[in-house]
$ cat run-v3.pdb   # PDB, C-alpha atoms
ATOM      1  CA  MET A   1     -28.650   0.389  -3.983
ATOM      2  CA  LYS A   2     -27.209  -1.450  -1.003
ATOM      3  CA  LYS A   3     -24.532   0.340   0.911
ATOM      4  CA  LYS A   4     -21.485  -1.614   1.929
ATOM      5  CA  ILE A   5     -18.682  -0.724   4.287
ATOM      6  CA  VAL A   6     -15.158   0.165   3.196
ATOM      7  CA  ALA A   7     -13.054  -1.121   6.029
ATOM      8  CA  VAL A   8     -10.815  -3.991   6.939
ATOM      9  CA  LEU A   9     -10.000  -6.294   9.810
ATOM     10  CA  LEU A  10      -7.802  -4.742  12.466
ATOM     11  CA  CYS A  11      -8.794  -6.666  15.566
ATOM     12  CA  ALA A  12     -11.662  -8.817  16.722
ATOM     13  CA  THR A  13     -13.325  -5.997  18.656
ATOM     14  CA  MET A  14     -13.193  -3.788  15.590
ATOM     15  CA  ILE A  15     -14.954  -6.450  13.544
ATOM     16  CA  ALA A  16     -17.818  -6.311  16.027
ATOM     17  CA  GLY A  17     -18.039  -2.552  15.592
ATOM     18  CA  MET A  18     -18.073  -2.891  11.833
ATOM     19  CA  ALA A  19     -20.774  -5.525  11.924
ATOM     20  CA  ALA A  20     -22.903  -3.220  14.032
ATOM     21  CA  GLY A  21     -22.457  -0.507  11.413
ATOM     22  CA  CYS A  22     -23.630  -2.741   8.577
ATOM     23  CA  GLY A  23     -27.283  -2.704   9.485
ATOM     24  CA  SER A  24     -28.416  -1.526   6.052
ATOM     25  CA  SER A  25     -26.768  -4.456   4.287
ATOM     26  CA  ASP A  26     -28.056  -7.986   3.983
ATOM     27  CA  LYS A  27     -25.722 -10.417   5.685
ATOM     28  CA  GLY A  28     -25.392 -14.130   5.301
ATOM     29  CA  SER A  29     -26.144 -16.184   8.364
ATOM     30  CA  GLY A  30     -25.972 -19.778   9.368
ATOM     31  CA  THR A  31     -25.111 -22.182  12.126
ATOM     32  CA  SER A  32     -21.664 -23.328  13.197
ATOM     33  CA  SER A  33     -20.701 -26.954  13.758
ATOM     34  CA  ASP A  34     -21.484 -26.611  17.479
ATOM     35  CA  GLY A  35     -24.994 -25.290  16.805
ATOM     36  CA  LYS A  36     -24.330 -21.594  17.498
ATOM     37  CA  ASP A  37     -25.714 -18.871  15.250
ATOM     38  CA  MET A  38     -23.115 -17.585  12.789
ATOM     39  CA  THR A  39     -22.994 -14.285  10.865
ATOM     40  CA  GLU A  40     -21.070 -14.345   7.591
ATOM     41  CA  LEU A  41     -19.221 -11.391   6.045
ATOM     42  CA  THR A  42     -17.118 -11.137   2.906
ATOM     43  CA  LEU A  43     -13.780  -9.309   2.716
ATOM     44  CA  LEU A  44     -12.240  -8.311  -0.625
ATOM     45  CA  ILE A  45      -8.450  -7.887  -0.742
ATOM     46  CA  ASP A  46      -5.930  -7.772  -3.563
ATOM     47  CA  THR A  47      -3.595 -10.637  -4.341
ATOM     48  CA  ASP A  48      -0.453  -8.662  -3.441
ATOM     49  CA  VAL A  49      -1.474  -8.487   0.221
ATOM     50  CA  THR A  50      -0.237 -11.077   2.688
ATOM     51  CA  THR A  51      -3.303 -12.919   3.986
ATOM     52  CA  ALA A  52      -1.840 -14.602   7.077
ATOM     53  CA  GLY A  53      -2.823 -11.769   9.413
ATOM     54  CA  PHE A  54      -6.327 -11.504   7.991
ATOM     55  CA  GLU A  55      -6.836 -15.246   8.274
ATOM     56  CA  ALA A  56      -5.659 -15.277  11.896
ATOM     57  CA  VAL A  57      -8.029 -12.465  12.897
ATOM     58  CA  ALA A  58     -10.874 -14.037  10.913
ATOM     59  CA  LYS A  59     -10.345 -17.302  12.785
ATOM     60  CA  LYS A  60     -10.554 -15.490  16.131
ATOM     61  CA  ALA A  61     -13.666 -13.606  14.993
ATOM     62  CA  GLU A  62     -15.346 -16.891  14.188
ATOM     63  CA  GLU A  63     -14.313 -18.490  17.474
ATOM     64  CA  LYS A  64     -15.040 -15.580  19.808
ATOM     65  CA  LEU A  65     -17.754 -13.558  18.077
ATOM     66  CA  GLY A  66     -19.596 -15.992  15.858
ATOM     67  CA  ILE A  67     -18.633 -13.982  12.759
ATOM     68  CA  LYS A  68     -17.329 -15.959   9.801
ATOM     69  CA  VAL A  69     -15.271 -13.857   7.383
ATOM     70  CA  ASN A  70     -14.922 -15.220   3.856
ATOM     71  CA  ILE A  71     -11.875 -13.720   2.144
ATOM     72  CA  GLU A  72     -12.157 -12.925  -1.558
ATOM     73  CA  THR A  73      -9.255 -11.789  -3.737
ATOM     74  CA  ARG A  74      -8.861  -9.519  -6.752
ATOM     75  CA  PRO A  75      -5.868  -8.490  -8.884
ATOM     76  CA  GLY A  76      -3.853  -5.414  -7.989
ATOM     77  CA  GLY A  77      -3.339  -2.388 -10.213
ATOM     78  CA  ALA A  78      -5.764  -1.081 -12.825
ATOM     79  CA  ASP A  79      -7.480  -4.451 -13.284
ATOM     80  CA  GLY A  80      -8.287  -4.599  -9.597
ATOM     81  CA  ASP A  81      -9.547  -1.007  -9.570
ATOM     82  CA  ASN A  82     -11.926  -1.839 -12.409
ATOM     83  CA  ILE A  83     -13.246  -4.848 -10.502
ATOM     84  CA  VAL A  84     -13.918  -2.712  -7.425
ATOM     85  CA  LYS A  85     -15.735  -0.055  -9.468
ATOM     86  CA  THR A  86     -17.777  -2.641 -11.371
ATOM     87  CA  ARG A  87     -18.848  -4.457  -8.218
ATOM     88  CA  LEU A  88     -19.809  -1.193  -6.554
ATOM     89  CA  ALA A  89     -21.864  -0.091  -9.552
ATOM     90  CA  SER A  90     -23.636  -3.450  -9.780
ATOM     91  CA  GLY A  91     -24.398  -3.676  -6.056
ATOM     92  CA  ASP A  92     -22.304  -6.833  -5.770
ATOM     93  CA  MET A  93     -19.521  -5.456  -3.565
ATOM     94  CA  ALA A  94     -18.113  -7.425  -0.630
ATOM     95  CA  ASP A  95     -19.153  -6.353   2.871
ATOM     96  CA  LEU A  96     -15.608  -5.255   3.666
ATOM     97  CA  CYS A  97     -13.088  -3.968   1.142
ATOM     98  CA  LEU A  98      -9.368  -3.301   1.340
ATOM     99  CA  TYR A  99      -8.637  -0.185  -0.732
ATOM    100  CA  ASN A 100      -6.518   2.944  -0.905
ATOM    101  CA  SER A 101      -7.207   5.958   1.253
ATOM    102  CA  GLY A 102      -7.005   9.562   0.064
ATOM    103  CA  ALA A 103      -7.688  10.610  -3.508
ATOM    104  CA  LEU A 104      -8.298   7.083  -4.811
ATOM    105  CA  LEU A 105     -10.960   6.456  -2.191
ATOM    106  CA  ASN A 106     -12.596   9.808  -2.953
ATOM    107  CA  ALA A 107     -12.721   8.863  -6.633
ATOM    108  CA  LEU A 108     -15.064   5.991  -5.711
ATOM    109  CA  ASN A 109     -17.665   8.442  -4.378
ATOM    110  CA  PRO A 110     -17.681   6.834  -0.923
ATOM    111  CA  ALA A 111     -20.790   8.688   0.265
ATOM    112  CA  GLU A 112     -22.761   6.837  -2.424
ATOM    113  CA  TYR A 113     -21.494   3.331  -1.744
ATOM    114  CA  PHE A 114     -20.014   3.039   1.746
ATOM    115  CA  ILE A 115     -21.376   3.245   5.261
ATOM    116  CA  ASP A 116     -20.429   6.215   7.430
ATOM    117  CA  ILE A 117     -18.802   4.771  10.562
ATOM    118  CA  SER A 118     -18.127   8.099  12.295
ATOM    119  CA  GLY A 119     -20.598   7.203  15.049
ATOM    120  CA  GLU A 120     -18.761   4.034  16.083
ATOM    121  CA  ASP A 121     -16.863   4.209  19.386
ATOM    122  CA  PHE A 122     -13.600   2.871  17.936
ATOM    123  CA  VAL A 123     -13.320   5.757  15.455
ATOM    124  CA  SER A 124     -12.216   8.094  18.258
ATOM    125  CA  ARG A 125      -9.097   5.940  18.670
ATOM    126  CA  ILE A 126      -7.964   6.376  15.058
ATOM    127  CA  ASP A 127      -5.151   8.845  14.406
ATOM    128  CA  ASP A 128      -6.548  12.129  13.075
ATOM    129  CA  ASN A 129      -4.037  12.284  10.214
ATOM    130  CA  TYR A 130      -5.211   8.912   8.960
ATOM    131  CA  LYS A 131      -8.854   9.688   9.615
ATOM    132  CA  SER A 132      -8.699  12.728   7.335
ATOM    133  CA  ALA A 133      -7.592  10.455   4.466
ATOM    134  CA  VAL A 134     -10.736   8.298   4.726
ATOM    135  CA  SER A 135     -13.218  11.080   5.395
ATOM    136  CA  VAL A 136     -15.492  13.246   3.289
ATOM    137  CA  GLY A 137     -16.674  16.185   5.346
ATOM    138  CA  ASP A 138     -17.579  14.812   8.753
ATOM    139  CA  LYS A 139     -18.237  11.286   7.488
ATOM    140  CA  VAL A 140     -15.665   8.515   7.973
ATOM    141  CA  PHE A 141     -15.556   5.555   5.599
ATOM    142  CA  GLY A 142     -12.562   3.434   6.595
ATOM    143  CA  VAL A 143     -10.159   2.183   9.239
ATOM    144  CA  PRO A 144      -6.478   1.226   9.037
ATOM    145  CA  TYR A 145      -5.699  -2.464   8.698
ATOM    146  CA  GLN A 146      -2.002  -2.398   9.563
ATOM    147  CA  SER A 147       0.775  -0.119  10.737
ATOM    148  CA  ALA A 148       1.912   2.713   8.485
ATOM    149  CA  GLN A 149       4.006   1.750   5.472
ATOM    150  CA  ALA A 150       7.054   3.483   4.113
ATOM    151  CA  GLU A 151       7.591   4.170   0.434
ATOM    152  CA  GLY A 152      11.291   3.801  -0.089
ATOM    153  CA  ILE A 153      14.074   1.744  -1.604
ATOM    154  CA  VAL A 154      14.675  -1.838  -0.512
ATOM    155  CA  TYR A 155      18.339  -2.708  -1.049
ATOM    156  CA  SER A 156      20.516  -5.820  -0.978
ATOM    157  CA  LYS A 157      22.896  -5.729   1.990
ATOM    158  CA  PRO A 158      25.218  -8.437   0.566
ATOM    159  CA  MET A 159      25.488  -6.546  -2.711
ATOM    160  CA  TYR A 160      26.299  -3.310  -0.883
ATOM    161  CA  GLU A 161      28.969  -5.114   1.120
ATOM    162  CA  LYS A 162      30.428  -6.799  -1.967
ATOM    163  CA  TYR A 163      30.943  -3.494  -3.772
ATOM    164  CA  ASN A 164      31.723  -1.371  -0.686
ATOM    165  CA  LEU A 165      28.704   0.874  -1.184
ATOM    166  CA  GLU A 166      27.366   3.311   1.411
ATOM    167  CA  ILE A 167      23.735   4.227   2.036
ATOM    168  CA  PRO A 168      23.221   7.267  -0.218
ATOM    169  CA  LYS A 169      22.294  10.602   1.341
ATOM    170  CA  THR A 170      21.667  12.378  -1.981
ATOM    171  CA  TRP A 171      20.132  11.433  -5.313
ATOM    172  CA  ASP A 172      23.494  11.793  -7.051
ATOM    173  CA  GLU A 173      25.039   9.358  -4.563
ATOM    174  CA  PHE A 174      22.240   6.894  -5.276
ATOM    175  CA  LEU A 175      22.854   7.089  -9.028
ATOM    176  CA  ALA A 176      26.584   6.607  -8.398
ATOM    177  CA  ASN A 177      25.798   3.377  -6.520
ATOM    178  CA  CYS A 178      23.623   2.273  -9.429
ATOM    179  CA  ASP A 179      26.501   2.954 -11.827
ATOM    180  CA  VAL A 180      28.802   0.691  -9.804
ATOM    181  CA  LEU A 181      26.283  -2.143  -9.860
ATOM    182  CA  LYS A 182      25.552  -1.737 -13.562
ATOM    183  CA  GLU A 183      29.255  -1.683 -14.451
ATOM    184  CA  ASN A 184      29.676  -4.978 -12.596
ATOM    185  CA  GLY A 185      26.848  -6.682 -14.467
ATOM    186  CA  GLU A 186      24.282  -6.457 -11.675
ATOM    187  CA  THR A 187      20.657  -5.369 -11.929
ATOM    188  CA  ALA A 188      20.957  -1.981 -10.269
ATOM    189  CA  ILE A 189      17.214  -1.279  -9.988
ATOM    190  CA  LEU A 190      14.480  -3.877 -10.085
ATOM    191  CA  GLY A 191      11.381  -2.919 -12.057
ATOM    192  CA  THR A 192       8.191  -4.890 -11.411
ATOM    193  CA  TYR A 193       5.899  -2.984 -13.726
ATOM    194  CA  ALA A 194       3.856  -5.967 -14.865
ATOM    195  CA  ASP A 195       1.993  -4.897 -11.716
ATOM    196  CA  SER A 196       1.420  -1.320 -12.790
ATOM    197  CA  TRP A 197       0.831   0.073  -9.302
ATOM    198  CA  THR A 198       4.507  -0.408  -8.447
ATOM    199  CA  ALA A 199       5.452   2.166 -11.101
ATOM    200  CA  GLN A 200       4.195   4.994  -8.896
ATOM    201  CA  VAL A 201       6.471   4.258  -5.942
ATOM    202  CA  PRO A 202       9.596   6.045  -7.272
ATOM    203  CA  PHE A 203       7.868   9.433  -7.501
ATOM    204  CA  LEU A 204       5.332   9.018  -4.679
ATOM    205  CA  GLY A 205       8.179   7.904  -2.440
ATOM    206  CA  ASP A 206       9.785  11.280  -3.130
ATOM    207  CA  ALA A 207       6.898  13.080  -1.391
ATOM    208  CA  TYR A 208       9.016  13.898   1.671
ATOM    209  CA  ASN A 209      11.501  15.781  -0.476
ATOM    210  CA  LEU A 210       8.694  17.571  -2.313
ATOM    211  CA  GLU A 211       7.121  18.611   0.978
ATOM    212  CA  GLN A 212      10.430  19.969   2.250
ATOM    213  CA  SER A 213      11.074  21.921  -0.945
ATOM    214  CA  ASP A 214       7.535  23.266  -1.402
ATOM    215  CA  PRO A 215       5.443  22.856   1.779
ATOM    216  CA  GLU A 216       2.369  24.481   0.204
ATOM    217  CA  PHE A 217       2.265  22.321  -2.930
ATOM    218  CA  ALA A 218      -0.303  19.762  -1.729
ATOM    219  CA  GLU A 219      -2.743  22.435  -0.596
ATOM    220  CA  LYS A 220      -2.306  24.430  -3.803
ATOM    221  CA  PHE A 221      -2.646  21.305  -5.942
ATOM    222  CA  ASP A 222      -5.913  20.341  -4.239
ATOM    223  CA  ALA A 223      -7.184  23.872  -4.852
ATOM    224  CA  GLY A 224      -6.227  23.724  -8.534
ATOM    225  CA  GLU A 225      -3.603  26.422  -8.060
ATOM    226  CA  ALA A 226      -0.520  24.302  -8.829
ATOM    227  CA  LYS A 227       0.450  21.613 -11.320
ATOM    228  CA  TRP A 228       3.096  18.905 -11.246
ATOM    229  CA  ALA A 229       4.544  19.969 -14.574
ATOM    230  CA  THR A 230       4.943  23.642 -13.660
ATOM    231  CA  THR A 231       6.127  23.243 -10.064
ATOM    232  CA  PRO A 232       9.910  22.658 -10.026
ATOM    233  CA  ALA A 233       9.933  20.674  -6.767
ATOM    234  CA  ALA A 234       7.125  18.411  -8.001
ATOM    235  CA  LEU A 235       8.621  17.973 -11.456
ATOM    236  CA  ARG A 236      11.881  16.938  -9.796
ATOM    237  CA  SER A 237      10.237  13.689  -8.635
ATOM    238  CA  PHE A 238       9.479  12.737 -12.236
ATOM    239  CA  GLU A 239      12.969  13.748 -13.322
ATOM    240  CA  LYS A 240      14.296  11.248 -10.791
ATOM    241  CA  LEU A 241      12.010   8.581 -12.230
ATOM    242  CA  ALA A 242      13.458   9.317 -15.671
ATOM    243  CA  ASP A 243      16.980   8.969 -14.238
ATOM    244  CA  THR A 244      16.282   5.363 -13.236
ATOM    245  CA  THR A 245      15.393   4.001 -16.672
ATOM    246  CA  GLU A 246      18.904   2.938 -17.677
ATOM    247  CA  TYR A 247      19.334   0.757 -14.597
ATOM    248  CA  TYR A 248      16.325  -1.570 -14.815
ATOM    249  CA  ASN A 249      16.242  -5.283 -15.524
ATOM    250  CA  SER A 250      15.593  -5.896 -19.222
ATOM    251  CA  ASP A 251      12.231  -7.558 -18.511
ATOM    252  CA  TYR A 252      10.930  -4.899 -16.112
ATOM    253  CA  LEU A 253       7.587  -4.696 -17.959
ATOM    254  CA  ALA A 254       7.028  -8.444 -17.567
ATOM    255  CA  THR A 255       8.254  -8.778 -13.969
ATOM    256  CA  THR A 256       5.552  -8.903 -11.291
ATOM    257  CA  TYR A 257       5.506  -7.844  -7.659
ATOM    258  CA  ASP A 258       5.688 -11.512  -6.617
ATOM    259  CA  ASP A 259       8.698 -11.963  -8.898
ATOM    260  CA  GLY A 260      10.252  -8.942  -7.204
ATOM    261  CA  CYS A 261       9.938 -10.495  -3.759
ATOM    262  CA  ASP A 262      11.688 -13.612  -5.062
ATOM    263  CA  ILE A 263      14.433 -11.660  -6.849
ATOM    264  CA  MET A 264      15.252  -9.476  -3.851
ATOM    265  CA  ALA A 265      15.155 -12.395  -1.399
ATOM    266  CA  ASN A 266      17.696 -14.214  -3.551
ATOM    267  CA  GLY A 267      20.026 -11.224  -3.895
ATOM    268  CA  GLU A 268      19.559 -10.837  -7.647
ATOM    269  CA  ALA A 269      19.045  -7.052  -7.707
ATOM    270  CA  GLY A 270      20.533  -4.111  -5.874
ATOM    271  CA  HIS A 271      17.530  -1.841  -5.348
ATOM    272  CA  TRP A 272      13.747  -1.950  -5.522
ATOM    273  CA  PHE A 273      11.448   1.064  -5.160
ATOM    274  CA  ILE A 274       8.564  -0.479  -3.231
ATOM    275  CA  LEU A 275       6.330  -0.250  -0.172
ATOM    276  CA  SER A 276       7.770  -1.665   3.028
ATOM    277  CA  GLN A 277       4.984  -4.295   3.001
ATOM    278  CA  ALA A 278       7.251  -6.250   0.670
ATOM    279  CA  LEU A 279       9.451  -7.142   3.634
ATOM    280  CA  SER A 280       6.496  -8.840   5.337
ATOM    281  CA  ASN A 281       5.774 -10.803   2.179
ATOM    282  CA  ILE A 282       9.407 -11.819   1.827
ATOM    283  CA  TYR A 283       9.577 -12.898   5.465
ATOM    284  CA  GLU A 284       6.466 -15.046   5.062
ATOM    285  CA  LEU A 285       7.921 -16.731   1.979
ATOM    286  CA  TYR A 286      11.649 -16.834   2.742
ATOM    287  CA  GLN A 287      11.946 -16.358   6.496
ATOM    288  CA  ASP A 288      15.449 -15.260   7.532
ATOM    289  CA  GLN A 289      16.465 -14.225   4.012
ATOM    290  CA  VAL A 290      14.662 -10.971   4.759
ATOM    291  CA  ASN A 291      17.634 -10.084   6.975
ATOM    292  CA  ASP A 292      19.697  -9.599   3.811
ATOM    293  CA  LEU A 293      17.533  -6.623   2.909
ATOM    294  CA  GLY A 294      17.360  -3.075   4.200
ATOM    295  CA  VAL A 295      15.370   0.054   3.409
ATOM    296  CA  PHE A 296      16.398   3.656   2.905
ATOM    297  CA  ALA A 297      14.501   6.766   1.896
ATOM    298  CA  VAL A 298      14.341   8.074  -1.648
ATOM    299  CA  PRO A 299      17.216  10.569  -1.418
ATOM    300  CA  GLY A 300      16.791  14.274  -2.002
ATOM    301  CA  ASP A 301      19.329  16.666  -3.459
ATOM    302  CA  SER A 302      20.766  17.754  -0.105
ATOM    303  CA  ALA A 303      22.612  15.489   2.319
ATOM    304  CA  GLU A 304      21.524  17.767   5.159
ATOM    305  CA  ASP A 305      17.851  16.833   4.951
ATOM    306  CA  ASN A 306      16.781  13.200   4.797
ATOM    307  CA  GLY A 307      13.385  11.687   5.535
ATOM    308  CA  ILE A 308      11.160   8.856   4.387
ATOM    309  CA  THR A 309       7.622   9.027   3.019
ATOM    310  CA  LEU A 310       4.893   7.195   4.957
TER     311      LEU A 310
END
$ encode --input "run-v3.pdb" --output "structure tokens"
Amino acid sequence: MKKKIVAVLLCATMIAGMAAGCGSSDKGSGTSSDGKDMTELTLLIDTDVTTAGFEAVAKKAEEKLGIKVNIETRPGGADGDNIVKTRLASGDMADLCLYNSGALLNALNPAEYFIDISGEDFVSRIDDNYKSAVSVGDKVFGVPYQSAQAEGIVYSKPMYEKYNLEIPKTWDEFLANCDVLKENGETAILGTYADSWTAQVPFLGDAYNLEQSDPEFAEKFDAGEAKWATTPAALRSFEKLADTTEYYNSDYLATTYDDGCDIMANGEAGHWFILSQALSNIYELYQDQVNDLGVFAVPGDSAEDNGITL
């Protein structure tokens, strides 16, 4: 079976490194309008990702390196995961693929399908913490495609000003803010669970608080020595998720991520548990309306210890 690379565009020089690492894969080739030889690669991304940056880098790659990158899209969530797995199994995967690092990448059996890029010069410039999330043993299967993202709560600044709300430092303070919004007929928390991947942000965004409460949980969980349900600090994240249910929009199961960007940009909800990438999407679509939004961390139970999950 052909091996493909799991990586994404970061800069033009990185594309060259990736192309060099793709020697075992068949690549398309052709000739540009000015008669120069052209190498063609395909890049698979999900539809929730802003493409402007990819398109800009792809344009430079074509101009400077003679590499034409054809961008393909897939749905997000479970449907998109199934497409990735099916294309890998059938040998029809794109040359480059935007995908999750960590456990989700490991579940794809990267050693079977993806090219080890540990020998490329640029890999030494990747942060070790990130590198560990895309590695199996001493083999590296991916590179970052953007700056780190935060998992937190996007909030409406005008709504906070209207109801004299303060940024919450504890979970109880956050719920109190939600009560004020709900009592005044506002959507306190926006749910966009038509895109199922967004449902994980409330409890994954609580990872900082879990780490502070039980620093050994992740290691024990990986070793099979701890469970979410029987670890109080881990279970607390799901208890918080349960706390939010009374504050959602009535159509939270039918509302998509794209709908969420529109709703928050137009000040129609108070809070949204989401990745900070949403702000980039909102800026691209609504420009300066993004200035009406802010982000704060998923609060813990103590006002003395606050931090955001990246």
$ residues_around --input "run-v3.pdb" --residues "range 124-136 of chain A" --least-positions-apart "6" --cutoff "9 Å" --atoms "all atoms listed in the file" --output "tab-separated table (two decimals) with C-alpha atoms, in the frame of the given file"
chain	number	residue	atom	x	y	z
A	100	ASN	CA	-6.52	2.94	-0.90
A	101	SER	CA	-7.21	5.96	1.25
A	102	GLY	CA	-7.00	9.56	0.06
A	103	ALA	CA	-7.69	10.61	-3.51
A	105	LEU	CA	-10.96	6.46	-2.19
A	106	ASN	CA	-12.60	9.81	-2.95
A	110	PRO	CA	-17.68	6.83	-0.92
A	111	ALA	CA	-20.79	8.69	0.26
A	116	ASP	CA	-20.43	6.22	7.43
A	118	SER	CA	-18.13	8.10	12.30
A	142	GLY	CA	-12.56	3.43	6.60
A	143	VAL	CA	-10.16	2.18	9.24
A	144	PRO	CA	-6.48	1.23	9.04
$ residues_around --input "run-v3.pdb" --residues "Tyr155 in chain A" --least-positions-apart "4" --cutoff "7 Å" --atoms "all atoms listed in the file" --output "list in words"
Gly270, His271, Trp272, Leu293, Gly294 and Val295 of chain A
$ atom_distance --input "run-v3.pdb" --atom1 "CA of Thr231 in chain A" --atom2 "CA of Phe296 in chain A"
25.6 Å
$ atom_distance --input "run-v3.pdb" --atom1 "CA of Trp228 in chain A" --atom2 "CA of Leu275 in chain A"
22.4 Å
$ residues_around --input "run-v3.pdb" --residues "range 47-60 of chain A" --least-positions-apart "4" --cutoff "6 Å" --atoms "all atoms listed in the file" --output "JSON, numbers by chain"
{"A": [64, 69, 73, 74, 75]}
$ closest_residue --input "run-v3.pdb" --among "A:Ser237, A:Asp46, A:Asp206, A:Ser147" --to "Ser280 in chain A" --atoms "all atoms listed in the file"
A:Ser147
$ resolve_selection --input "run-v3.pdb" --expression "the PyMOL selection byres ((chain A and resi 157) around 12)" --output "ChimeraX atom specification"
/A:154-156,158-167,264-271,289-296
$ resolve_selection --input "run-v3.pdb" --expression "the PyMOL selection byres ((chain A and resi 190) around 12)" --output "PDB file with C-alpha atoms, in the frame of the given file"
ATOM      1  CA  ILE A 153      14.074   1.744  -1.604  1.00  0.00           C
ATOM      2  CA  VAL A 154      14.675  -1.838  -0.512  1.00  0.00           C
ATOM      3  CA  TYR A 155      18.339  -2.708  -1.049  1.00  0.00           C
ATOM      4  CA  SER A 156      20.516  -5.820  -0.978  1.00  0.00           C
ATOM      5  CA  CYS A 178      23.623   2.273  -9.429  1.00  0.00           C
ATOM      6  CA  LEU A 181      26.283  -2.143  -9.860  1.00  0.00           C
ATOM      7  CA  LYS A 182      25.552  -1.737 -13.562  1.00  0.00           C
ATOM      8  CA  GLU A 186      24.282  -6.457 -11.675  1.00  0.00           C
ATOM      9  CA  THR A 187      20.657  -5.369 -11.929  1.00  0.00           C
ATOM     10  CA  ALA A 188      20.957  -1.981 -10.269  1.00  0.00           C
ATOM     11  CA  ILE A 189      17.214  -1.279  -9.988  1.00  0.00           C
ATOM     12  CA  GLY A 191      11.381  -2.919 -12.057  1.00  0.00           C
ATOM     13  CA  THR A 192       8.191  -4.890 -11.411  1.00  0.00           C
ATOM     14  CA  TYR A 193       5.899  -2.984 -13.726  1.00  0.00           C
ATOM     15  CA  ALA A 194       3.856  -5.967 -14.865  1.00  0.00           C
ATOM     16  CA  THR A 198       4.507  -0.408  -8.447  1.00  0.00           C
ATOM     17  CA  ALA A 199       5.452   2.166 -11.101  1.00  0.00           C
ATOM     18  CA  PRO A 202       9.596   6.045  -7.272  1.00  0.00           C
ATOM     19  CA  THR A 244      16.282   5.363 -13.236  1.00  0.00           C
ATOM     20  CA  THR A 245      15.393   4.001 -16.672  1.00  0.00           C
ATOM     21  CA  GLU A 246      18.904   2.938 -17.677  1.00  0.00           C
ATOM     22  CA  TYR A 247      19.334   0.757 -14.597  1.00  0.00           C
ATOM     23  CA  TYR A 248      16.325  -1.570 -14.815  1.00  0.00           C
ATOM     24  CA  ASN A 249      16.242  -5.283 -15.524  1.00  0.00           C
ATOM     25  CA  SER A 250      15.593  -5.896 -19.222  1.00  0.00           C
ATOM     26  CA  ASP A 251      12.231  -7.558 -18.511  1.00  0.00           C
ATOM     27  CA  TYR A 252      10.930  -4.899 -16.112  1.00  0.00           C
ATOM     28  CA  LEU A 253       7.587  -4.696 -17.959  1.00  0.00           C
ATOM     29  CA  ALA A 254       7.028  -8.444 -17.567  1.00  0.00           C
ATOM     30  CA  THR A 255       8.254  -8.778 -13.969  1.00  0.00           C
ATOM     31  CA  THR A 256       5.552  -8.903 -11.291  1.00  0.00           C
ATOM     32  CA  TYR A 257       5.506  -7.844  -7.659  1.00  0.00           C
ATOM     33  CA  ASP A 259       8.698 -11.963  -8.898  1.00  0.00           C
ATOM     34  CA  GLY A 260      10.252  -8.942  -7.204  1.00  0.00           C
ATOM     35  CA  CYS A 261       9.938 -10.495  -3.759  1.00  0.00           C
ATOM     36  CA  ASP A 262      11.688 -13.612  -5.062  1.00  0.00           C
ATOM     37  CA  ILE A 263      14.433 -11.660  -6.849  1.00  0.00           C
ATOM     38  CA  MET A 264      15.252  -9.476  -3.851  1.00  0.00           C
ATOM     39  CA  GLY A 267      20.026 -11.224  -3.895  1.00  0.00           C
ATOM     40  CA  GLU A 268      19.559 -10.837  -7.647  1.00  0.00           C
ATOM     41  CA  ALA A 269      19.045  -7.052  -7.707  1.00  0.00           C
ATOM     42  CA  GLY A 270      20.533  -4.111  -5.874  1.00  0.00           C
ATOM     43  CA  HIS A 271      17.530  -1.841  -5.348  1.00  0.00           C
ATOM     44  CA  TRP A 272      13.747  -1.950  -5.522  1.00  0.00           C
ATOM     45  CA  PHE A 273      11.448   1.064  -5.160  1.00  0.00           C
ATOM     46  CA  ILE A 274       8.564  -0.479  -3.231  1.00  0.00           C
TER      47      ILE A 274
END
$ axis_aligned_box --input "run-v3.pdb" --around "range 103-115 of chain A" --padding-each-side "8 Å" --output "lines of an AutoDock Vina configuration file"
center_x = -15.2
center_y = 6.8
center_z = -0.7
size_x = 31.1
size_y = 23.6
size_z = 27.9
$ atom_distance --input "run-v3.pdb" --atom1 "CA of Leu44 in chain A" --atom2 "CA of Glu62 in chain A"
17.4 Å
$ residues_around --input "run-v3.pdb" --residues "Leu310 in chain A" --least-positions-apart "6" --cutoff "7 Å" --atoms "only C-alpha atoms" --output "JSON, numbers by chain"
{"A": [148, 149, 150, 151]}
$ closest_residue --input "run-v3.pdb" --among "A:Leu285, A:Ala242, A:Ile308, A:Met93" --to "Glu211 in chain A" --atoms "all atoms listed in the file"
A:Ile308
$ residues_near_point --input "run-v3.pdb" --point "(22.7, 10.6, -6.0)" --cutoff "10 Å" --atoms "only C-alpha atoms" --output "JSON, numbers by chain"
{"A": [168, 169, 170, 171, 172, 173, 174, 175, 176, 177, 178, 240, 298, 299, 300, 301, 302, 303]}
$ residues_near_point --input "run-v3.pdb" --point "(8.4, 21.2, 1.3)" --cutoff "12 Å" --atoms "all atoms listed in the file" --output "compact mmCIF listing (two decimals) with C-alpha atoms, keeping the file's coordinate frame"
# COMPACT_ATOMS: atom_id res chain seq x y z
CA ASP A 206 9.78 11.28 -3.13
CA ALA A 207 6.90 13.08 -1.39
CA TYR A 208 9.02 13.90 1.67
CA ASN A 209 11.50 15.78 -0.48
CA LEU A 210 8.69 17.57 -2.31
CA GLU A 211 7.12 18.61 0.98
CA GLN A 212 10.43 19.97 2.25
CA SER A 213 11.07 21.92 -0.94
CA ASP A 214 7.54 23.27 -1.40
CA PRO A 215 5.44 22.86 1.78
CA GLU A 216 2.37 24.48 0.20
CA PHE A 217 2.26 22.32 -2.93
CA ALA A 218 -0.30 19.76 -1.73
CA GLU A 219 -2.74 22.44 -0.60
CA THR A 231 6.13 23.24 -10.06
CA PRO A 232 9.91 22.66 -10.03
CA ALA A 233 9.93 20.67 -6.77
CA ALA A 234 7.12 18.41 -8.00
CA GLY A 300 16.79 14.27 -2.00
CA ASP A 305 17.85 16.83 4.95
CA GLY A 307 13.38 11.69 5.54
